[in-house]
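J.: For reference, the file work-v9.cif (mmCIF, C-alpha atoms) is included below:
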data_query
#
loop_
_atom_site.label_atom_id
_atom_site.label_comp_id
_atom_site.auth_asym_id
_atom_site.auth_seq_id
_atom_site.Cartn_x
_atom_site.Cartn_y
_atom_site.Cartn_z
CA MET Q 1 -38.53 33.43 28.76
CA PRO Q 2 -34.78 32.95 28.85
CA GLN Q 3 -33.30 30.63 26.28
CA LYS Q 4 -32.09 27.33 27.72
CA ASN Q 5 -28.67 26.19 26.75
CA ARG Q 6 -28.70 22.45 26.93
CA VAL Q 7 -25.24 20.96 27.19
CA THR Q 8 -25.21 17.68 25.36
CA LEU Q 9 -22.35 15.24 25.58
CA SER Q 10 -23.02 12.24 23.41
CA PRO Q 11 -23.13 9.32 23.18
CA MET Q 12 -22.17 8.81 26.85
CA ASP Q 13 -22.03 11.39 29.59
CA ARG Q 14 -18.28 11.41 29.17
CA PRO Q 15 -16.12 8.91 27.33
CA ILE Q 16 -14.88 6.44 29.95
CA HIS Q 17 -12.35 3.88 28.91
CA ASN Q 18 -11.20 2.51 32.23
CA GLU Q 19 -12.21 -1.09 32.69
CA THR Q 20 -9.71 -2.07 35.40
CA PRO Q 21 -11.68 -3.49 38.32
CA PHE Q 22 -11.45 -1.46 41.50
CA GLY Q 23 -12.95 -2.56 44.79
CA PRO Q 24 -12.20 -3.30 48.42
CA ALA Q 25 -10.05 -6.24 47.29
CA ASN Q 26 -7.46 -4.00 45.64
CA ALA Q 27 -8.07 -0.74 47.52
CA GLY Q 28 -6.00 -1.95 50.48
CA ILE Q 29 -6.63 -0.80 54.03
CA ASP Q 30 -4.63 2.45 54.05
CA PRO Q 31 -6.37 5.37 52.33
CA PHE Q 32 -3.20 7.50 52.52
CA ALA Q 33 -1.25 4.85 50.60
CA LEU Q 34 -4.02 4.57 48.02
CA PHE Q 35 -4.13 8.36 47.69
CA GLU Q 36 -0.37 8.42 47.16
CA GLN Q 37 -0.64 5.80 44.44
CA TRP Q 38 -3.46 7.58 42.58
CA PHE Q 39 -1.81 10.98 43.00
CA LYS Q 40 1.47 9.67 41.60
CA THR Q 41 -0.34 8.37 38.52
CA ALA Q 42 -2.13 11.71 38.06
CA MET Q 43 1.17 13.60 38.41
CA GLU Q 44 2.69 11.48 35.66
CA THR Q 45 0.02 12.51 33.17
CA ASP Q 46 -0.73 16.08 34.29
CA PRO Q 47 1.85 17.50 36.71
CA ASN Q 48 0.47 21.05 36.45
CA ASN Q 49 -3.00 20.10 37.58
CA ALA Q 50 -2.79 16.95 39.69
CA ALA Q 51 -2.35 18.93 42.95
CA VAL Q 52 -5.26 21.28 42.25
CA MET Q 53 -8.17 20.46 44.56
CA THR Q 54 -11.53 21.92 45.50
CA LEU Q 55 -11.84 23.03 49.11
CA ALA Q 56 -15.38 23.24 50.49
CA THR Q 57 -16.11 25.14 53.69
CA ALA Q 58 -19.40 25.98 55.41
CA PHE Q 59 -20.57 28.97 57.37
CA ASN Q 60 -24.05 29.03 58.91
CA ASN Q 61 -24.75 25.86 56.96
CA ARG Q 62 -24.02 27.71 53.68
CA PRO Q 63 -21.32 25.91 51.70
CA SER Q 64 -18.74 27.67 49.59
CA ALA Q 65 -16.01 26.14 47.47
CA ARG Q 66 -12.94 27.14 45.51
CA MET Q 67 -9.81 25.66 43.94
CA VAL Q 68 -6.64 25.54 46.02
CA LEU Q 69 -3.26 23.90 45.53
CA MET Q 70 -2.19 20.98 47.72
CA LYS Q 71 1.38 21.65 48.79
CA GLU Q 72 2.06 18.69 51.07
CA HIS Q 73 0.35 15.49 52.02
CA SER Q 74 1.08 12.85 54.60
CA PRO Q 75 -0.90 10.84 57.16
CA ASP Q 76 -0.94 14.09 59.17
CA GLY Q 77 -3.12 15.68 56.53
CA PHE Q 78 -3.35 17.70 53.36
CA VAL Q 79 -1.67 21.11 53.47
CA PHE Q 80 -2.53 24.27 51.53
CA TYR Q 81 -1.66 27.93 52.07
CA THR Q 82 -3.89 30.96 52.28
CA ASN Q 83 -4.44 34.33 53.83
CA TYR Q 84 -5.93 33.42 57.22
CA GLU Q 85 -8.21 36.46 56.94
CA SER Q 86 -9.58 35.51 53.52
CA ARG Q 87 -13.10 34.16 53.31
CA LYS Q 88 -11.93 30.54 53.49
CA GLY Q 89 -9.52 31.40 56.30
CA SER Q 90 -12.26 33.08 58.34
CA GLU Q 91 -14.79 30.36 57.64
CA LEU Q 92 -12.34 27.64 58.68
CA ALA Q 93 -11.39 29.52 61.85
CA GLU Q 94 -15.09 29.60 62.73
CA ASN Q 95 -15.94 26.09 61.53
CA PRO Q 96 -13.05 23.70 60.85
CA LYS Q 97 -15.29 21.11 59.17
CA SER Q 98 -14.24 20.99 55.55
CA ALA Q 99 -13.95 18.82 52.47
CA LEU Q 100 -11.57 18.36 49.55
CA VAL Q 101 -12.10 16.95 46.09
CA PHE Q 102 -9.40 15.89 43.65
CA TRP Q 103 -10.54 15.24 40.09
CA TRP Q 104 -8.18 13.56 37.66
CA PRO Q 105 -9.97 13.36 34.31
CA ALA Q 106 -7.26 11.41 32.47
CA GLN Q 107 -7.69 8.53 34.91
CA GLU Q 108 -11.40 9.15 35.37
CA ARG Q 109 -10.76 9.25 39.09
CA GLN Q 110 -12.03 11.36 41.95
CA VAL Q 111 -10.91 11.43 45.58
CA ARG Q 112 -13.18 13.02 48.16
CA ILE Q 113 -11.86 13.76 51.63
CA GLU Q 114 -13.77 15.08 54.63
CA GLY Q 115 -12.37 16.15 57.93
CA HIS Q 116 -11.39 19.18 59.93
CA THR Q 117 -8.78 21.84 59.24
CA THR Q 118 -6.14 23.12 61.63
CA ARG Q 119 -3.30 25.64 61.28
CA ILE Q 120 0.18 24.24 60.70
CA SER Q 121 3.01 25.62 62.86
CA ALA Q 122 4.38 29.13 62.26
CA GLU Q 123 7.80 27.52 61.63
CA ALA Q 124 6.42 25.28 58.89
CA SER Q 125 4.62 28.25 57.29
CA ASP Q 126 7.82 30.32 57.47
CA ALA Q 127 9.83 27.55 55.84
CA TYR Q 128 7.39 27.22 52.97
CA PHE Q 129 6.99 30.99 52.51
CA ALA Q 130 10.77 31.31 52.14
CA THR Q 131 10.65 29.01 49.09
CA ARG Q 132 8.03 31.12 47.26
CA PRO Q 133 8.99 33.32 44.29
CA ARG Q 134 9.71 36.87 45.45
CA ASP Q 135 6.74 38.40 43.60
CA SER Q 136 4.42 35.85 45.23
CA GLN Q 137 5.88 36.80 48.61
CA LEU Q 138 5.25 40.46 47.83
CA SER Q 139 1.69 39.77 46.75
CA ALA Q 140 0.98 38.12 50.12
CA TRP Q 141 1.77 41.54 51.65
CA ALA Q 142 -0.08 43.53 48.99
CA SER Q 143 -3.41 41.70 48.96
CA ALA Q 144 -6.09 41.61 51.66
CA GLN Q 145 -7.49 38.43 50.11
CA SER Q 146 -11.28 38.41 49.40
CA SER Q 147 -11.83 42.06 50.35
CA GLU Q 148 -13.47 44.38 47.81
CA ILE Q 149 -11.06 46.65 45.96
CA ASP Q 150 -11.41 49.32 43.30
CA GLU Q 151 -8.27 48.69 41.27
CA PRO Q 152 -6.07 45.65 40.65
CA ILE Q 153 -3.51 45.32 43.41
CA SER Q 154 0.02 46.49 42.77
CA LEU Q 155 3.27 45.21 44.22
CA GLU Q 156 4.99 48.63 44.12
CA ALA Q 157 4.35 49.64 47.74
CA ALA Q 158 5.55 46.27 49.03
CA LYS Q 159 8.60 46.42 46.73
CA ALA Q 160 9.48 49.88 48.09
CA LYS Q 161 9.00 48.68 51.65
CA PHE Q 162 11.27 45.63 51.40
CA LYS Q 163 13.79 46.87 48.79
CA ASP Q 164 16.29 44.01 48.43
CA ASP Q 165 15.73 42.61 51.91
CA PRO Q 166 14.42 39.14 52.52
CA ILE Q 167 10.64 39.19 52.79
CA PRO Q 168 9.22 37.76 56.01
CA ARG Q 169 5.94 35.86 56.06
CA PRO Q 170 2.99 38.10 56.99
CA CYS Q 171 1.44 36.56 60.11
CA SER Q 172 -1.94 36.65 58.39
CA TRP Q 173 -0.66 34.19 55.78
CA GLY Q 174 0.19 30.55 56.30
CA GLY Q 175 -0.66 26.89 56.03
CA LEU Q 176 -3.79 24.98 56.88
CA GLN Q 177 -3.98 21.23 57.09
CA LEU Q 178 -7.07 19.15 56.50
CA VAL Q 179 -7.03 16.10 58.76
CA PRO Q 180 -9.13 13.40 57.10
CA GLU Q 181 -11.97 11.60 58.84
CA ARG Q 182 -13.46 10.08 55.70
CA PHE Q 183 -12.18 9.28 52.22
CA GLU Q 184 -13.94 8.24 49.08
CA PHE Q 185 -12.14 6.90 46.03
CA TRP Q 186 -14.22 7.04 42.88
CA GLN Q 187 -13.27 5.28 39.67
CA GLY Q 188 -15.45 6.14 36.66
CA ARG Q 189 -16.92 3.29 34.63
CA THR Q 190 -19.17 3.07 31.59
CA SER Q 191 -22.97 3.29 32.00
CA ARG Q 192 -22.36 5.06 35.30
CA LEU Q 193 -21.45 1.75 36.98
CA HIS Q 194 -18.72 3.64 38.82
CA ASP Q 195 -16.68 2.02 41.58
CA ARG Q 196 -16.89 3.98 44.83
CA ILE Q 197 -14.90 2.91 47.87
CA ALA Q 198 -15.31 4.84 51.10
CA PHE Q 199 -12.86 4.63 54.00
CA ILE Q 200 -14.27 5.33 57.44
CA GLN Q 201 -12.11 5.52 60.54
CA LYS Q 202 -13.21 3.48 63.57
CA ASN Q 203 -11.10 2.97 66.67
CA GLY Q 204 -8.06 4.27 64.82
CA GLN Q 205 -8.49 1.75 61.98
CA TRP Q 206 -9.60 2.58 58.47
CA SER Q 207 -12.01 0.22 56.78
CA PRO Q 208 -13.06 0.26 53.12
CA ARG Q 209 -16.68 -0.10 52.05
CA ARG Q 210 -18.20 -0.17 48.60
CA LEU Q 211 -20.88 2.43 47.85
CA ALA Q 212 -23.57 2.23 45.19
CA PRO Q 213 -22.73 4.46 42.22
CA MET S 1 6.76 9.90 62.29
CA PRO S 2 5.07 9.65 58.90
CA GLN S 3 7.05 10.81 55.92
CA LYS S 4 5.87 14.12 54.47
CA ASN S 5 5.40 14.30 50.78
CA ARG S 6 5.96 17.85 49.73
CA VAL S 7 4.48 18.66 46.37
CA THR S 8 6.74 21.10 44.64
CA LEU S 9 5.73 22.88 41.49
CA SER S 10 8.48 25.16 40.36
CA PRO S 11 9.27 27.85 39.56
CA MET S 12 5.71 29.21 39.91
CA ASP S 13 2.78 27.59 41.63
CA ARG S 14 1.42 26.73 38.24
CA PRO S 15 2.51 28.09 34.89
CA ILE S 16 0.14 30.94 34.08
CA HIS S 17 0.39 32.54 30.69
CA ASN S 18 -2.76 34.61 30.57
CA GLU S 19 -2.02 38.31 30.54
CA THR S 20 -5.30 39.57 29.10
CA PRO S 21 -6.70 42.16 31.51
CA PHE S 22 -9.96 41.17 33.15
CA GLY S 23 -11.94 43.47 35.39
CA PRO S 24 -15.31 45.12 35.91
CA ALA S 25 -14.74 47.11 32.71
CA ASN S 26 -14.90 44.02 30.49
CA ALA S 27 -16.86 41.68 32.74
CA GLY S 28 -20.16 43.28 31.74
CA ILE S 29 -23.20 43.39 34.00
CA ASP S 30 -24.72 39.99 33.25
CA PRO S 31 -22.98 37.08 34.98
CA PHE S 32 -24.98 34.55 32.93
CA ALA S 33 -23.69 36.08 29.69
CA LEU S 34 -20.13 36.07 31.03
CA PHE S 35 -20.50 32.46 32.14
CA GLU S 36 -21.77 31.53 28.68
CA GLN S 37 -18.77 33.23 27.07
CA TRP S 38 -16.21 31.54 29.35
CA PHE S 39 -17.96 28.17 29.10
CA LYS S 40 -17.98 28.36 25.29
CA THR S 41 -14.23 28.98 25.28
CA ALA S 42 -13.66 26.07 27.67
CA MET S 43 -15.81 23.77 25.51
CA GLU S 44 -13.70 24.64 22.47
CA THR S 45 -10.52 23.43 24.16
CA ASP S 46 -11.83 20.57 26.32
CA PRO S 47 -15.36 19.49 25.43
CA ASN S 48 -15.18 16.34 27.60
CA ASN S 49 -14.44 18.23 30.78
CA ALA S 50 -15.78 21.76 30.46
CA ALA S 51 -19.18 20.82 31.92
CA VAL S 52 -17.71 18.96 34.91
CA MET S 53 -18.27 20.97 38.10
CA THR S 54 -17.84 20.51 41.82
CA LEU S 55 -21.05 20.63 43.83
CA ALA S 56 -20.71 21.51 47.50
CA THR S 57 -23.51 20.84 49.96
CA ALA S 58 -23.69 21.19 53.74
CA PHE S 59 -25.46 19.22 56.42
CA ASN S 60 -25.26 20.27 60.09
CA ASN S 61 -22.63 22.79 58.99
CA ARG S 62 -20.45 19.94 57.63
CA PRO S 63 -19.58 20.52 53.96
CA SER S 64 -19.24 17.74 51.41
CA ALA S 65 -18.34 18.03 47.76
CA ARG S 66 -18.21 15.91 44.63
CA MET S 67 -17.97 16.25 40.85
CA VAL S 68 -21.19 16.39 38.85
CA LEU S 69 -22.00 17.14 35.22
CA MET S 70 -23.81 20.31 34.26
CA LYS S 71 -26.49 19.33 31.75
CA GLU S 72 -28.20 22.65 31.16
CA HIS S 73 -27.65 26.26 32.03
CA SER S 74 -29.74 29.36 31.61
CA PRO S 75 -30.69 32.38 33.71
CA ASP S 76 -33.05 29.96 35.51
CA GLY S 77 -30.05 28.08 36.88
CA PHE S 78 -27.56 25.27 36.44
CA VAL S 79 -29.08 21.81 36.06
CA PHE S 80 -27.61 18.45 37.01
CA TYR S 81 -29.17 15.02 37.56
CA THR S 82 -28.93 12.67 40.50
CA ASN S 83 -30.66 10.09 42.60
CA TYR S 84 -32.76 12.25 44.91
CA GLU S 85 -32.08 9.75 47.72
CA SER S 86 -28.28 9.88 47.33
CA ARG S 87 -26.26 11.73 49.91
CA LYS S 88 -26.27 14.95 47.87
CA GLY S 89 -29.96 14.53 47.09
CA SER S 90 -30.82 14.08 50.78
CA GLU S 91 -28.56 16.90 51.90
CA LEU S 92 -30.05 19.29 49.36
CA ALA S 93 -33.60 18.29 50.31
CA GLU S 94 -32.71 19.21 53.90
CA ASN S 95 -30.59 22.28 53.12
CA PRO S 96 -30.87 23.76 49.61
CA LYS S 97 -27.91 26.11 50.15
CA SER S 98 -25.20 24.93 47.79
CA ALA S 99 -22.24 25.98 45.69
CA LEU S 100 -20.69 25.09 42.35
CA VAL S 101 -17.15 25.47 41.04
CA PHE S 102 -16.05 25.23 37.43
CA TRP S 103 -12.31 24.97 36.86
CA TRP S 104 -10.91 25.37 33.36
CA PRO S 105 -7.15 24.89 33.57
CA ALA S 106 -6.40 25.62 29.90
CA GLN S 107 -7.80 29.14 30.35
CA GLU S 108 -6.65 29.42 33.95
CA ARG S 109 -10.21 30.31 34.87
CA GLN S 110 -12.52 29.44 37.70
CA VAL S 111 -16.20 30.24 38.14
CA ARG S 112 -17.74 29.96 41.61
CA ILE S 113 -21.49 30.05 42.01
CA GLU S 114 -23.48 30.08 45.23
CA GLY S 115 -27.21 29.80 45.62
CA HIS S 116 -29.97 27.39 46.43
CA THR S 117 -31.03 24.22 44.70
CA THR S 118 -34.57 23.24 43.70
CA ARG S 119 -36.02 20.26 41.86
CA ILE S 120 -36.80 20.73 38.19
CA SER S 121 -40.23 19.56 36.97
CA ALA S 122 -41.00 15.85 36.61
CA GLU S 123 -41.70 16.51 32.92
CA ALA S 124 -38.25 18.03 32.37
CA SER S 125 -36.61 15.12 34.20
CA ASP S 126 -38.63 12.63 32.12
CA ALA S 127 -37.59 14.35 28.91
CA TYR S 128 -33.91 14.25 29.81
CA PHE S 129 -34.04 10.67 31.12
CA ALA S 130 -35.51 9.55 27.79
CA THR S 131 -32.38 10.80 25.99
CA ARG S 132 -29.99 8.77 28.22
CA PRO S 133 -28.24 5.65 26.91
CA ARG S 134 -30.26 2.52 27.79
CA ASP S 135 -27.59 1.11 30.14
CA SER S 136 -27.47 4.41 32.03
CA GLN S 137 -31.27 4.27 32.33
CA LEU S 138 -31.00 0.71 33.68
CA SER S 139 -28.32 1.71 36.18
CA ALA S 140 -30.61 4.42 37.59
CA TRP S 141 -32.97 1.55 38.53
CA ALA S 142 -30.19 -0.78 39.71
CA SER S 143 -28.30 1.55 42.05
CA ALA S 144 -29.42 2.96 45.40
CA GLN S 145 -26.82 5.72 45.06
CA SER S 146 -24.50 6.26 48.07
CA SER S 147 -25.76 3.22 50.04
CA GLU S 148 -23.24 0.62 51.18
CA ILE S 149 -23.17 -2.52 49.04
CA ASP S 150 -21.21 -5.77 49.12
CA GLU S 151 -20.76 -6.36 45.41
CA PRO S 152 -20.61 -4.12 42.34
CA ILE S 153 -24.12 -3.46 41.07
CA SER S 154 -25.38 -5.44 38.11
CA LEU S 155 -27.87 -4.42 35.44
CA GLU S 156 -29.19 -7.96 34.94
CA ALA S 157 -32.25 -7.70 37.19
CA ALA S 158 -33.26 -4.37 35.64
CA LYS S 159 -32.69 -5.81 32.14
CA ALA S 160 -34.91 -8.79 32.95
CA LYS S 161 -37.59 -6.50 34.37
CA PHE S 162 -37.79 -4.16 31.38
CA LYS S 163 -36.89 -6.59 28.55
CA ASP S 164 -37.20 -4.50 25.36
CA ASP S 165 -39.70 -2.03 26.78
CA PRO S 166 -38.99 1.67 27.10
CA ILE S 167 -37.52 2.40 30.53
CA PRO S 168 -39.40 4.98 32.58
CA ARG S 169 -37.59 7.38 34.89
CA PRO S 170 -37.49 6.14 38.51
CA CYS S 171 -39.22 8.80 40.59
CA SER S 172 -36.19 8.83 42.89
CA TRP S 173 -34.04 10.11 40.01
CA GLY S 174 -34.18 13.51 38.37
CA GLY S 175 -32.87 17.01 37.91
CA LEU S 176 -31.84 19.63 40.40
CA GLN S 177 -31.21 23.24 39.51
CA LEU S 178 -28.91 25.58 41.35
CA VAL S 179 -30.34 29.11 41.25
CA PRO S 180 -27.41 31.54 41.63
CA GLU S 181 -27.32 34.28 44.24
CA ARG S 182 -23.63 35.05 43.88
CA PHE S 183 -21.02 34.49 41.17
CA GLU S 184 -17.28 34.86 41.19
CA PHE S 185 -15.17 34.86 38.03
CA TRP S 186 -11.52 34.15 38.66
CA GLN S 187 -8.81 34.67 36.07
CA GLY S 188 -5.37 33.37 37.03
CA ARG S 189 -2.40 35.72 36.71
CA THR S 190 1.30 35.43 37.44
CA SER S 191 2.61 36.08 40.96
CA ARG S 192 -0.88 35.29 42.22
CA LEU S 193 -2.14 38.70 41.08
CA HIS S 194 -5.32 36.97 40.00
CA ASP S 195 -8.33 38.91 38.80
CA ARG S 196 -11.44 38.11 40.82
CA ILE S 197 -14.78 39.65 39.93
CA ALA S 198 -17.79 38.90 42.12
CA PHE S 199 -21.38 39.51 41.05
CA ILE S 200 -23.86 40.14 43.82
CA GLN S 201 -27.58 40.47 43.21
CA LYS S 202 -29.34 43.48 44.71
CA ASN S 203 -32.92 44.47 43.92
CA GLY S 204 -32.91 42.16 40.93
CA GLN S 205 -29.77 43.75 39.46
CA TRP S 206 -26.35 42.13 39.32
CA SER S 207 -23.34 44.28 40.03
CA PRO S 208 -19.69 43.36 39.55
CA ARG S 209 -17.05 44.07 42.19
CA ARG S 210 -13.36 43.39 42.16
CA LEU S 211 -11.99 41.24 44.99
CA ALA S 212 -8.41 41.14 46.26
CA PRO S 213 -6.63 37.99 45.05
#
Would you write out, as structure tokens, the structure that this file holds?

T.:
Amino acid sequence: MPQKNRVTLSPMDRPIHNETPFGPANAGIDPFALFEQWFKTAMETDPNNAAVMTLATAFNNRPSARMVLMKEHSPDGFVFYTNYESRKGSELAENPKSALVFWWPAQERQVRIEGHTTRISAEASDAYFATRPRDSQLSAWASAQSSEIDEPISLEAAKAKFKDDPIPRPCSWGGLQLVPERFEFWQGRTSRLHDRIAFIQKNGQWSPRRLAP
Amino acid sequence: MPQKNRVTLSPMDRPIHNETPFGPANAGIDPFALFEQWFKTAMETDPNNAAVMTLATAFNNRPSARMVLMKEHSPDGFVFYTNYESRKGSELAENPKSALVFWWPAQERQVRIEGHTTRISAEASDAYFATRPRDSQLSAWASAQSSEIDEPISLEAAKAKFKDDPIPRPCSWGGLQLVPERFEFWQGRTSRLHDRIAFIQKNGQWSPRRLAP
């Protein structure tokens, strides 16, 4: 019989100190504006991690999830970059339905976003790729993301290929944009009396609704 | 035209300082033992957040994801608690395929787990519920998790109902256990030369394979 490792966090599940009320009254009617406000606060306390998000995809009704970095956000959507032939790239090409989660522990806040993912333009992907550090550009050429390999990848072949030339974007690498259809803003509270405000789009208008925690 | 907010993290995507090699040679052959080792390290640096994980579910091939707390882990699986009638509870009752992601930024490590979710025994749920703080027990009675509500929930009715009596577990609330079928251990490296080791189960044996980053 395997030994169980019980993870105990006492006295509460997690220490939650936030007592600021949060509800439809102060959530506003624009989920992008509210996201921007929460994201800004998270960036102030933890700039290295605020843009890290979980991306969930599904293939044959089997979900998979991984961390990705948000690189741009606007009412058009939430942009991240990947190898289009990676597992997430292939799954999203097959089934664009997808979900994101931001988790900002210092604020005890979570933002959940659901929608569908589309490719950004080749021009926009080129422009972003050009800003990447050279070794990151090389690694986009060197790595067939998610495939099985025997040894760690090396940048040497790509370095030899490009010498000191500018490195173009591989066409298998670029941006994807999640276009939101649903948001949920979650503010942790003591005794699990969390505030949860969902935004659903109807006839082009977003409306906030409180959900039971 | 909406203003784009480009998130720029320079000079690297995220500062990554870990240069310890990680590969099949030191990953071992037991993903549960490796998880335990990585989790222990994460608990040492951030005990409040190490057990926080993203749970991804899928319904009609539409993924959704949210943060949950791991409460127990063993070779039997990874246990968390929920209202069985919440959105995740309903989705998992319909489609047990599910995925977890742990993200430990201080170690620049990610663990992805995929498998199927089953209910734990009523006795095990009772035993855990009995250890919960009283207000958390009351809120399990007071909240129809994920349903739309007009006002924040209140514990008053549940308090009046139970007075000073012990609070039994609502039968709609309890533990779920994700039984892994696939693991991936991800160690961040500079220039996105990350180490990714997947464990796949075959004939009851786990075997590690390196994946391209």

J.: Closest to chain S among Q:Ala42, Q:Leu100, Q:Ala27, Q:Ala50, using all atoms listed in the file?

T.: Q:Leu100

J.: So that I can see what lies close to region 203-206 of chain S, please list as a ChimeraX atom specification the residues with an atom at most 9 Å from it, counting only C-alpha atoms and leaving out residues fewer than 5 positions away in the same chain.

T.: /S:29-31,182

J.: Record the distance separating CA of Pro47 (chain Q) and CA of Phe102 (chain Q), expressed in Å with one decimal.

T.: 13.3 Å

J.: Up to 6 Å from chain Q, what residues of chain S turn up? Count all atoms listed in the file and give them as a ChimeraX atom specification.

T.: /S:4-7,57-58,61-64,71-74,97-99,135-136,143-149,191,210-213

J.: What separation in Å, quoted to one decimal, exists between CA of Leu176 (chain Q) and CA of Arg119 (chain Q)?

T.: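 That distance, rounded to one decimal, is 4.5 Å.
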
J.: CA of Asp126 (chain Q) and CA of Ile167 (chain Q), how far apart in Å?

T.: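 These two atoms are separated by 10.4 Å.
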
J.: Determine the nearest neighbour of Ala122 (chain S) from the options S:Arg87, S:Phe80, S:Ala160, S:Ser172, counting only C-alpha atoms.

T.: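 That would be S:Ser172, the residue with the smallest distance to Ala122 (chain S).
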
J.: Can you work out which one of S:Ala93, S:Val68, S:Ala106, S:Ala157 has the shortest atom-to-atom distance to Thr41 (chain S), counting all atoms listed in the file?

T.: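 Among the listed residues, S:Ala106 lies closest to Thr41 (chain S).
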
J.: Axis-aligned box over every listed atom of region 60-79 of chain Q, padded by 6 Å per side: centre and edges in Å to one decimal, as lines of an AutoDock Vina configuration file?

T.:
center_x = -11.3
center_y = 19.9
center_z = 51.6
size_x = 38.8
size_y = 30.2
size_z = 27.2

J.: Taking the file above as input, evaluate the PyMOL selection byres ((chain S and resi 121) around 12) and report the hits as JSON, numbers by chain.

T.: {"S": [79, 81, 118, 119, 120, 122, 123, 124, 125, 126, 127, 128, 171, 173, 174, 175, 176, 177]}

J.: So, counting all atoms listed in the file, which residue among S:Glu181, S:Glu85, S:Glu156, S:Asp164 is closest to Thr117 (chain S)?

T.: S:Glu181

J.: Using all atoms listed in the file, can you tell me which of Q:Pro168, Q:Pro208, Q:Gly188, Q:Gly28 comes closest to Arg109 (chain Q)?

T.: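 Of Q:Pro168, Q:Pro208, Q:Gly188, Q:Gly28, the one nearest Arg109 (chain Q), counting all atoms listed in the file, is Q:Gly188.
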
J.: When you write region 158-170 of chain Q out from the block above, keep N, CA, C and O atoms and present the result as a PDB file, in the first residue's frame, please.

T.:
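Writing done, so here's result06.pdb:
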ATOM      1  N   ALA Q 158      22.346  25.744 -35.960  1.00  0.00           N
ATOM      2  CA  ALA Q 158      21.655  26.975 -36.360  1.00  0.00           C
ATOM      3  C   ALA Q 158      22.637  28.150 -36.390  1.00  0.00           C
ATOM      4  O   ALA Q 158      22.580  29.005 -37.276  1.00  0.00           O
ATOM      5  N   LYS Q 159      23.568  28.175 -35.428  1.00  0.00           N
ATOM      6  CA  LYS Q 159      24.584  29.246 -35.410  1.00  0.00           C
ATOM      7  C   LYS Q 159      25.421  29.197 -36.684  1.00  0.00           C
ATOM      8  O   LYS Q 159      25.701  30.224 -37.308  1.00  0.00           O
ATOM      9  N   ALA Q 160      25.835  27.978 -37.075  1.00  0.00           N
ATOM     10  CA  ALA Q 160      26.660  27.815 -38.277  1.00  0.00           C
ATOM     11  C   ALA Q 160      25.865  28.236 -39.509  1.00  0.00           C
ATOM     12  O   ALA Q 160      26.419  28.826 -40.447  1.00  0.00           O
ATOM     13  N   LYS Q 161      24.602  27.917 -39.522  1.00  0.00           N
ATOM     14  CA  LYS Q 161      23.758  28.232 -40.678  1.00  0.00           C
ATOM     15  C   LYS Q 161      23.626  29.748 -40.871  1.00  0.00           C
ATOM     16  O   LYS Q 161      23.725  30.259 -41.983  1.00  0.00           O
ATOM     17  N   PHE Q 162      23.380  30.474 -39.758  1.00  0.00           N
ATOM     18  CA  PHE Q 162      23.058  31.897 -39.905  1.00  0.00           C
ATOM     19  C   PHE Q 162      24.278  32.811 -39.740  1.00  0.00           C
ATOM     20  O   PHE Q 162      24.194  34.000 -40.054  1.00  0.00           O
ATOM     21  N   LYS Q 163      25.393  32.251 -39.228  1.00  0.00           N
ATOM     22  CA  LYS Q 163      26.589  33.073 -38.973  1.00  0.00           C
ATOM     23  C   LYS Q 163      26.196  34.384 -38.295  1.00  0.00           C
ATOM     24  O   LYS Q 163      25.574  34.348 -37.228  1.00  0.00           O
ATOM     25  N   ASP Q 164      26.560  35.528 -38.881  1.00  0.00           N
ATOM     26  CA  ASP Q 164      26.201  36.801 -38.251  1.00  0.00           C
ATOM     27  C   ASP Q 164      24.991  37.461 -38.906  1.00  0.00           C
ATOM     28  O   ASP Q 164      24.699  38.636 -38.648  1.00  0.00           O
ATOM     29  N   ASP Q 165      24.326  36.708 -39.788  1.00  0.00           N
ATOM     30  CA  ASP Q 165      23.167  37.274 -40.476  1.00  0.00           C
ATOM     31  C   ASP Q 165      21.978  37.446 -39.526  1.00  0.00           C
ATOM     32  O   ASP Q 165      21.891  36.749 -38.517  1.00  0.00           O
ATOM     33  N   PRO Q 166      21.089  38.333 -39.907  1.00  0.00           N
ATOM     34  CA  PRO Q 166      19.832  38.403 -39.152  1.00  0.00           C
ATOM     35  C   PRO Q 166      19.088  37.076 -39.275  1.00  0.00           C
ATOM     36  O   PRO Q 166      19.202  36.392 -40.304  1.00  0.00           O
ATOM     37  N   ILE Q 167      18.387  36.704 -38.245  1.00  0.00           N
ATOM     38  CA  ILE Q 167      17.705  35.406 -38.239  1.00  0.00           C
ATOM     39  C   ILE Q 167      16.224  35.609 -38.534  1.00  0.00           C
ATOM     40  O   ILE Q 167      15.534  36.284 -37.775  1.00  0.00           O
ATOM     41  N   PRO Q 168      15.743  35.043 -39.641  1.00  0.00           N
ATOM     42  CA  PRO Q 168      14.322  35.217 -39.951  1.00  0.00           C
ATOM     43  C   PRO Q 168      13.465  34.311 -39.062  1.00  0.00           C
ATOM     44  O   PRO Q 168      13.954  33.325 -38.510  1.00  0.00           O
ATOM     45  N   ARG Q 169      12.203  34.643 -38.946  1.00  0.00           N
ATOM     46  CA  ARG Q 169      11.278  33.807 -38.190  1.00  0.00           C
ATOM     47  C   ARG Q 169      11.000  32.519 -38.970  1.00  0.00           C
ATOM     48  O   ARG Q 169      10.660  32.580 -40.148  1.00  0.00           O
ATOM     49  N   PRO Q 170      11.131  31.352 -38.314  1.00  0.00           N
ATOM     50  CA  PRO Q 170      10.710  30.119 -38.996  1.00  0.00           C
ATOM     51  C   PRO Q 170       9.196  30.198 -39.215  1.00  0.00           C
ATOM     52  O   PRO Q 170       8.476  30.677 -38.336  1.00  0.00           O
TER      53      PRO Q 170
END
